[in-house]
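**Q** Data: input-v2.txt, compact mmCIF, C-alpha atoms.
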```
# COMPACT_ATOMS: atom_id res chain seq x y z
CA MET A 1 99.37 71.13 285.73
CA ARG A 2 99.44 74.78 286.88
CA THR A 3 101.48 73.76 289.92
CA ILE A 4 104.05 72.05 287.71
CA ILE A 5 104.33 75.08 285.39
CA ALA A 6 104.56 77.48 288.34
CA SER A 7 107.23 75.31 289.96
CA ALA A 8 109.23 75.13 286.71
CA LEU A 9 109.05 78.92 286.26
CA PHE A 10 110.11 79.48 289.87
CA MET A 11 113.09 77.12 289.49
CA ALA A 12 114.13 78.80 286.22
CA LEU A 13 113.98 82.20 287.92
CA CYS A 14 116.08 80.92 290.84
CA ILE A 15 118.69 79.44 288.49
CA THR A 16 118.87 82.67 286.45
CA THR A 17 119.20 84.78 289.61
CA ALA A 18 121.82 82.48 291.10
CA SER A 19 123.94 82.51 287.94
CA ALA A 20 123.98 86.30 287.56
CA LYS A 21 127.46 87.55 288.38
CA ALA A 22 128.59 90.97 289.48
CA ASP A 23 129.81 93.44 286.88
CA PHE A 24 132.85 95.32 288.20
CA SER A 25 133.39 97.33 285.00
CA GLY A 26 133.93 101.06 285.40
CA THR A 27 136.02 103.63 287.19
CA TRP A 28 136.19 103.37 290.97
CA ILE A 29 137.22 106.23 293.27
CA LEU A 30 138.63 105.46 296.74
CA ASP A 31 136.31 106.50 299.59
CA LYS A 32 138.91 107.42 302.21
CA SER A 33 136.28 107.93 304.93
CA ASN A 34 135.29 104.24 304.74
CA THR A 35 138.78 102.81 304.21
CA GLU A 36 141.06 101.29 306.86
CA GLY A 37 144.83 100.80 306.75
CA LEU A 38 145.53 103.38 304.05
CA PRO A 39 149.06 104.82 304.11
CA PRO A 40 149.14 108.57 304.86
CA GLY A 41 148.84 110.80 301.81
CA MET A 42 147.67 108.02 299.49
CA ASP A 43 144.78 108.20 297.07
CA GLN A 44 143.63 105.64 294.54
CA THR A 45 141.52 105.36 291.40
CA MET A 46 140.88 101.99 289.78
CA THR A 47 139.54 101.28 286.30
CA VAL A 48 138.16 97.78 285.70
CA VAL A 49 137.32 96.23 282.34
CA GLN A 50 135.38 92.98 282.67
CA SER A 51 134.84 90.47 279.91
CA GLY A 52 133.15 87.30 281.14
CA ASP A 53 135.45 85.73 283.73
CA LYS A 54 138.38 88.08 283.08
CA LEU A 55 139.02 91.34 284.93
CA SER A 56 141.66 93.79 283.69
CA LEU A 57 142.66 96.46 286.20
CA GLU A 58 144.52 99.72 285.94
CA THR A 59 145.10 101.35 289.30
CA LYS A 60 146.42 104.88 289.70
CA LEU A 61 148.13 105.31 293.05
CA ILE A 62 148.79 108.88 294.18
CA THR A 63 151.35 109.18 296.98
CA PRO A 64 153.58 111.97 298.29
CA ASP A 65 156.25 110.50 295.95
CA GLY A 66 154.05 111.01 292.85
CA GLU A 67 151.69 108.96 290.71
CA HIS A 68 152.16 105.28 289.86
CA ILE A 69 150.07 103.17 287.49
CA VAL A 70 149.73 99.48 288.34
CA SER A 71 148.19 97.11 285.79
CA ASP A 72 146.93 93.63 286.64
CA SER A 73 144.39 91.05 285.56
CA TYR A 74 142.46 88.17 287.09
CA THR A 75 140.99 85.14 285.34
CA LEU A 76 138.13 83.99 287.57
CA ASP A 77 138.28 80.27 286.82
CA GLY A 78 139.73 79.00 290.13
CA LYS A 79 142.84 77.64 288.39
CA GLU A 80 146.34 78.41 289.63
CA ALA A 81 148.22 80.80 287.34
CA GLU A 82 151.66 82.33 287.41
CA PHE A 83 152.03 86.10 287.59
CA ALA A 84 154.76 88.70 288.15
CA PRO A 85 154.04 90.59 291.40
CA LYS A 86 155.71 93.94 292.06
CA THR A 87 156.67 95.60 295.32
CA PRO A 88 155.86 99.30 295.88
CA ASN A 89 159.49 100.13 294.98
CA GLY A 90 159.16 98.30 291.63
CA GLN A 91 160.97 95.02 292.41
CA THR A 92 159.48 92.11 290.45
CA GLY A 93 159.02 88.71 292.02
CA LYS A 94 157.52 85.35 291.09
CA GLY A 95 154.04 84.37 292.10
CA LYS A 96 151.13 82.00 291.74
CA ARG A 97 147.51 82.98 292.20
CA THR A 98 144.02 81.60 292.05
CA ALA A 99 141.04 83.81 291.37
CA LYS A 100 137.42 82.74 291.43
CA TRP A 101 133.90 84.02 291.81
CA ALA A 102 132.46 84.10 295.32
CA ALA A 103 129.75 81.48 295.87
CA ASP A 104 126.98 84.10 295.56
CA GLY A 105 128.44 85.57 292.33
CA ASN A 106 128.49 89.03 293.91
CA GLY A 107 132.23 89.12 294.54
CA ILE A 108 135.55 87.51 293.85
CA GLU A 109 138.26 85.81 295.90
CA VAL A 110 141.94 86.10 294.92
CA ASN A 111 144.71 84.20 296.74
CA GLU A 112 148.40 84.75 295.97
CA ASN A 113 151.77 83.37 297.03
CA SER A 114 154.70 85.55 295.97
CA THR A 115 158.46 85.28 296.40
CA PHE A 116 160.93 88.18 296.17
CA ASP A 117 164.71 88.26 296.44
CA GLY A 118 165.74 90.03 299.65
CA PRO A 119 169.14 90.99 301.02
CA GLU A 120 169.07 87.94 303.29
CA GLY A 121 167.46 85.50 300.86
CA ALA A 122 164.00 84.81 299.50
CA VAL A 123 161.03 86.61 301.05
CA THR A 124 157.59 85.01 300.76
CA VAL A 125 154.31 86.94 300.95
CA GLN A 126 150.82 85.42 301.03
CA MET A 127 147.96 87.71 300.09
CA SER A 128 144.20 87.37 299.79
CA ARG A 129 141.75 89.85 298.32
CA ILE A 130 138.00 89.60 298.78
CA TRP A 131 135.93 91.87 296.52
CA LYS A 132 132.25 92.50 297.32
CA LEU A 133 129.91 94.60 295.19
CA SER A 134 126.90 96.28 296.79
CA ALA A 135 123.43 95.30 295.59
CA ASP A 136 123.04 98.59 293.70
CA GLY A 137 126.46 98.15 292.02
CA LYS A 138 127.74 101.54 293.23
CA THR A 139 130.03 100.50 296.11
CA LEU A 140 132.94 98.07 295.94
CA LYS A 141 134.63 96.81 299.11
CA ILE A 142 138.00 95.09 298.91
CA ASP A 143 139.39 93.36 302.01
CA ILE A 144 143.10 92.62 301.72
CA THR A 145 145.10 90.38 304.05
CA ALA A 146 148.85 90.11 303.58
CA GLU A 147 151.21 87.92 305.57
CA GLY A 148 154.97 88.16 305.23
CA PRO A 149 158.17 88.82 307.19
CA GLU A 150 156.59 91.82 308.95
CA GLY A 151 153.60 89.80 310.14
CA LYS A 152 149.97 89.95 309.16
CA GLN A 153 148.43 93.17 307.81
CA GLN A 154 144.82 93.88 306.98
CA VAL A 155 143.49 96.65 304.78
CA LYS A 156 139.86 97.45 303.99
CA ARG A 157 139.25 99.66 300.97
CA THR A 158 135.94 101.09 299.84
CA PHE A 159 135.42 102.46 296.34
CA ILE A 160 132.54 104.44 294.86
CA LYS A 161 131.65 104.01 291.18
CA LYS A 162 132.25 107.19 289.21
```
Please lay out the structure from this file as structure tokens.
**A**
Amino acid sequence: MRTIIASALFMALCITTASAKADFSGTWILDKSNTEGLPPGMDQTMTVVQSGDKLSLETKLITPDGEHIVSDSYTLDGKEAEFAPKTPNGQTGKGKRTAKWAADGNGIEVNENSTFDGPEGAVTVQMSRIWKLSADGKTLKIDITAEGPEGKQQVKRTFIKK
């Protein structure tokens, strides 16, 4: 009987641990020393509000041209959704994205296909973002891969929770 109770408690603990998902809420400051592929003179602060499977982001980008605020949101249900991507110069395109929790619940995976009007016709960009939260919840790593007319680019950004 004790073995059965101990086994049931162990399984319940495993299920509870496995279902716990990362909490990305808070203000995140870019750690330039642990970031790769950052344009010169750029800094970044990101504020995340998380409610269940929805993340709302407000990112402040500081460049030599000034400050820009970029707002976005992800619904982490794995379903394809339309969104309006923007280029750094403000051009709006059409896009579809899927966003879902990583298998371990400690990160997210976002995949996007976007189309923009270019001078020579439509330009398509595919982008993936992989977010991973450290075990202590104080460091967020975001790996970004973008593929478009200029080839494949990879960026690795590290943020520290404020």
**Q** Using only C-alpha atoms, determine which residues lie at most 7 Å from region 136-141 of chain A, disregarding the query and same-chain residues fewer than 6 positions distant; provide the list as a list in words.
**A**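 Once the nearby chain positions are removed, what remains is Arg157, Thr158, Phe159, Ile160 and Lys161 of chain A.
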**Q** Find the spatial neighbours of region 65-75 of chain A, counting all atoms listed in the file, within a cut-off of 10 Å - ignore same-chain residues fewer than 2 positions away - and output them as a PyMOL selection string.
**A** chain A and resi 41-63+77-81+83-86+88+97-101+108+110
**Q** Would you mind reading off the distance between CA of Glu150 (chain A) and CA of Met127 (chain A), one decimal, in Å?
**A** 13.0 Å
**Q** Hey, which of A:Lys156, A:Asp104, A:Asp117, A:Ile144 ends up closest to Lys32 (chain A)? Count all atoms listed in the file.
**A** A:Lys156
**Q** What is the distance, in Å and to one decimal place, between CA of Leu76 (chain A) and CA of Ala146 (chain A)?
**A**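 Calculated distance between CA of Leu76 (chain A) and CA of Ala146 (chain A) is 20.2 Å.
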**Q** Would you mind telling me which residue in A:Glu82, A:Glu120, A:Asp143, A:Glu36 lies nearest to Gly107 (chain A) when using only C-alpha atoms?
**A**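 Of all the options, A:Asp143 lies closest to Gly107 (chain A).
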**Q** Could you check the closest approach to Ile142 (chain A) for each of A:Gln126, A:Asp31, A:Asn89, A:Ala20 and tell me which residue wins, using all atoms listed in the file?
**A** A:Asp31
**Q** I need every residue sitting at most 12 Å from the point (155.2, 90.5, 305.5) (coordinates as in the file, only C-alpha atoms considered), written as a list in words.
**A** Thr87, Asn113, Ser114, Thr115, Phe116, Val123, Thr124, Val125, Gln126, Met127, Thr145, Ala146, Glu147, Gly148, Pro149, Glu150, Gly151, Lys152, Gln153 and Gln154 of chain A
**Q** Kindly compute an axis-aligned box around the listed atoms of region 33-38 of chain A, allowing 3 Å on each side, and express its centre and edge lengths in Å to one decimal as JSON.
**A**
```
{"center_x": 140.4, "center_y": 104.4, "center_z": 305.5, "size_x": 16.2, "size_y": 13.1, "size_z": 8.8}
```
**Q** Please report the interatomic distance between CA of Glu109 (chain A) and CA of Ala135 (chain A) in Å with one decimal.
**A** 17.6 Å
**Q** I'd like to know which of A:Glu112, A:Ala122, A:Arg129, A:Gly105 is closest to Ala22 (chain A), using only C-alpha atoms.
**A**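 Answer, going by the shortest atom-to-atom distance: A:Gly105.
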**Q** Please rebuild region 60-83 of chain A with N, CA, C and O atoms and return the result as a compact mmCIF listing (two decimals), in the coordinates of the input.
**A**
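out18.txt was written with the following content:
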```txt
# COMPACT_ATOMS: atom_id res chain seq x y z
N LYS A 60 145.56 103.71 289.55
CA LYS A 60 146.42 104.88 289.70
C LYS A 60 146.57 105.15 291.19
O LYS A 60 145.60 105.39 291.89
N LEU A 61 147.82 105.05 291.65
CA LEU A 61 148.13 105.31 293.05
C LEU A 61 148.78 106.69 293.14
O LEU A 61 149.75 106.96 292.43
N ILE A 62 148.24 107.54 293.98
CA ILE A 62 148.79 108.88 294.18
C ILE A 62 149.35 108.93 295.60
O ILE A 62 148.61 108.73 296.57
N THR A 63 150.67 109.13 295.69
CA THR A 63 151.35 109.18 296.98
C THR A 63 152.17 110.47 297.05
O THR A 63 152.30 111.16 296.03
N PRO A 64 152.72 110.79 298.21
CA PRO A 64 153.58 111.97 298.29
C PRO A 64 154.78 111.90 297.32
O PRO A 64 155.33 112.93 296.95
N ASP A 65 155.14 110.68 296.89
CA ASP A 65 156.25 110.50 295.95
C ASP A 65 155.83 110.67 294.49
O ASP A 65 156.67 110.59 293.60
N GLY A 66 154.54 110.85 294.22
CA GLY A 66 154.05 111.01 292.85
C GLY A 66 152.99 109.98 292.51
O GLY A 66 152.43 109.32 293.38
N GLU A 67 152.71 109.89 291.21
CA GLU A 67 151.69 108.96 290.71
C GLU A 67 152.35 107.71 290.15
O GLU A 67 153.39 107.79 289.50
N HIS A 68 151.70 106.56 290.39
CA HIS A 68 152.16 105.28 289.86
C HIS A 68 150.95 104.57 289.27
O HIS A 68 149.88 104.56 289.86
N ILE A 69 151.12 103.97 288.10
CA ILE A 69 150.07 103.17 287.49
C ILE A 69 150.45 101.70 287.64
O ILE A 69 151.56 101.30 287.29
N VAL A 70 149.52 100.91 288.17
CA VAL A 70 149.73 99.48 288.34
C VAL A 70 148.67 98.75 287.52
O VAL A 70 147.47 98.98 287.70
N SER A 71 149.10 97.90 286.61
CA SER A 71 148.19 97.11 285.79
C SER A 71 148.20 95.67 286.27
O SER A 71 149.24 95.15 286.67
N ASP A 72 147.04 95.02 286.21
CA ASP A 72 146.93 93.63 286.64
C ASP A 72 145.72 93.02 285.97
O ASP A 72 144.91 93.73 285.35
N SER A 73 145.57 91.72 286.08
CA SER A 73 144.39 91.05 285.56
C SER A 73 144.14 89.77 286.35
O SER A 73 145.07 89.19 286.91
N TYR A 74 142.87 89.40 286.41
CA TYR A 74 142.46 88.17 287.09
C TYR A 74 141.61 87.36 286.13
O TYR A 74 140.69 87.89 285.50
N THR A 75 141.87 86.06 286.05
CA THR A 75 140.99 85.14 285.34
C THR A 75 140.26 84.35 286.42
O THR A 75 140.89 83.62 287.19
N LEU A 76 138.95 84.51 286.46
CA LEU A 76 138.13 83.99 287.57
C LEU A 76 137.66 82.56 287.30
O LEU A 76 136.47 82.27 287.31
N ASP A 77 138.63 81.66 287.12
CA ASP A 77 138.28 80.27 286.82
C ASP A 77 138.70 79.31 287.94
O ASP A 77 138.51 78.10 287.83
N GLY A 78 139.31 79.83 289.01
CA GLY A 78 139.73 79.00 290.13
C GLY A 78 141.00 78.20 289.88
O GLY A 78 141.44 77.45 290.75
N LYS A 79 141.62 78.38 288.71
CA LYS A 79 142.84 77.64 288.39
C LYS A 79 144.07 78.45 288.79
O LYS A 79 144.10 79.66 288.67
N GLU A 80 145.10 77.74 289.25
CA GLU A 80 146.34 78.41 289.63
C GLU A 80 147.04 78.93 288.38
O GLU A 80 147.13 78.24 287.36
N ALA A 81 147.52 80.17 288.46
CA ALA A 81 148.22 80.80 287.34
C ALA A 81 149.43 81.54 287.86
O ALA A 81 149.42 82.08 288.97
N GLU A 82 150.48 81.57 287.04
CA GLU A 82 151.66 82.33 287.41
C GLU A 82 151.45 83.80 287.07
O GLU A 82 150.74 84.13 286.12
N PHE A 83 152.07 84.67 287.87
CA PHE A 83 152.03 86.10 287.59
C PHE A 83 153.30 86.73 288.13
O PHE A 83 154.07 86.10 288.84
```
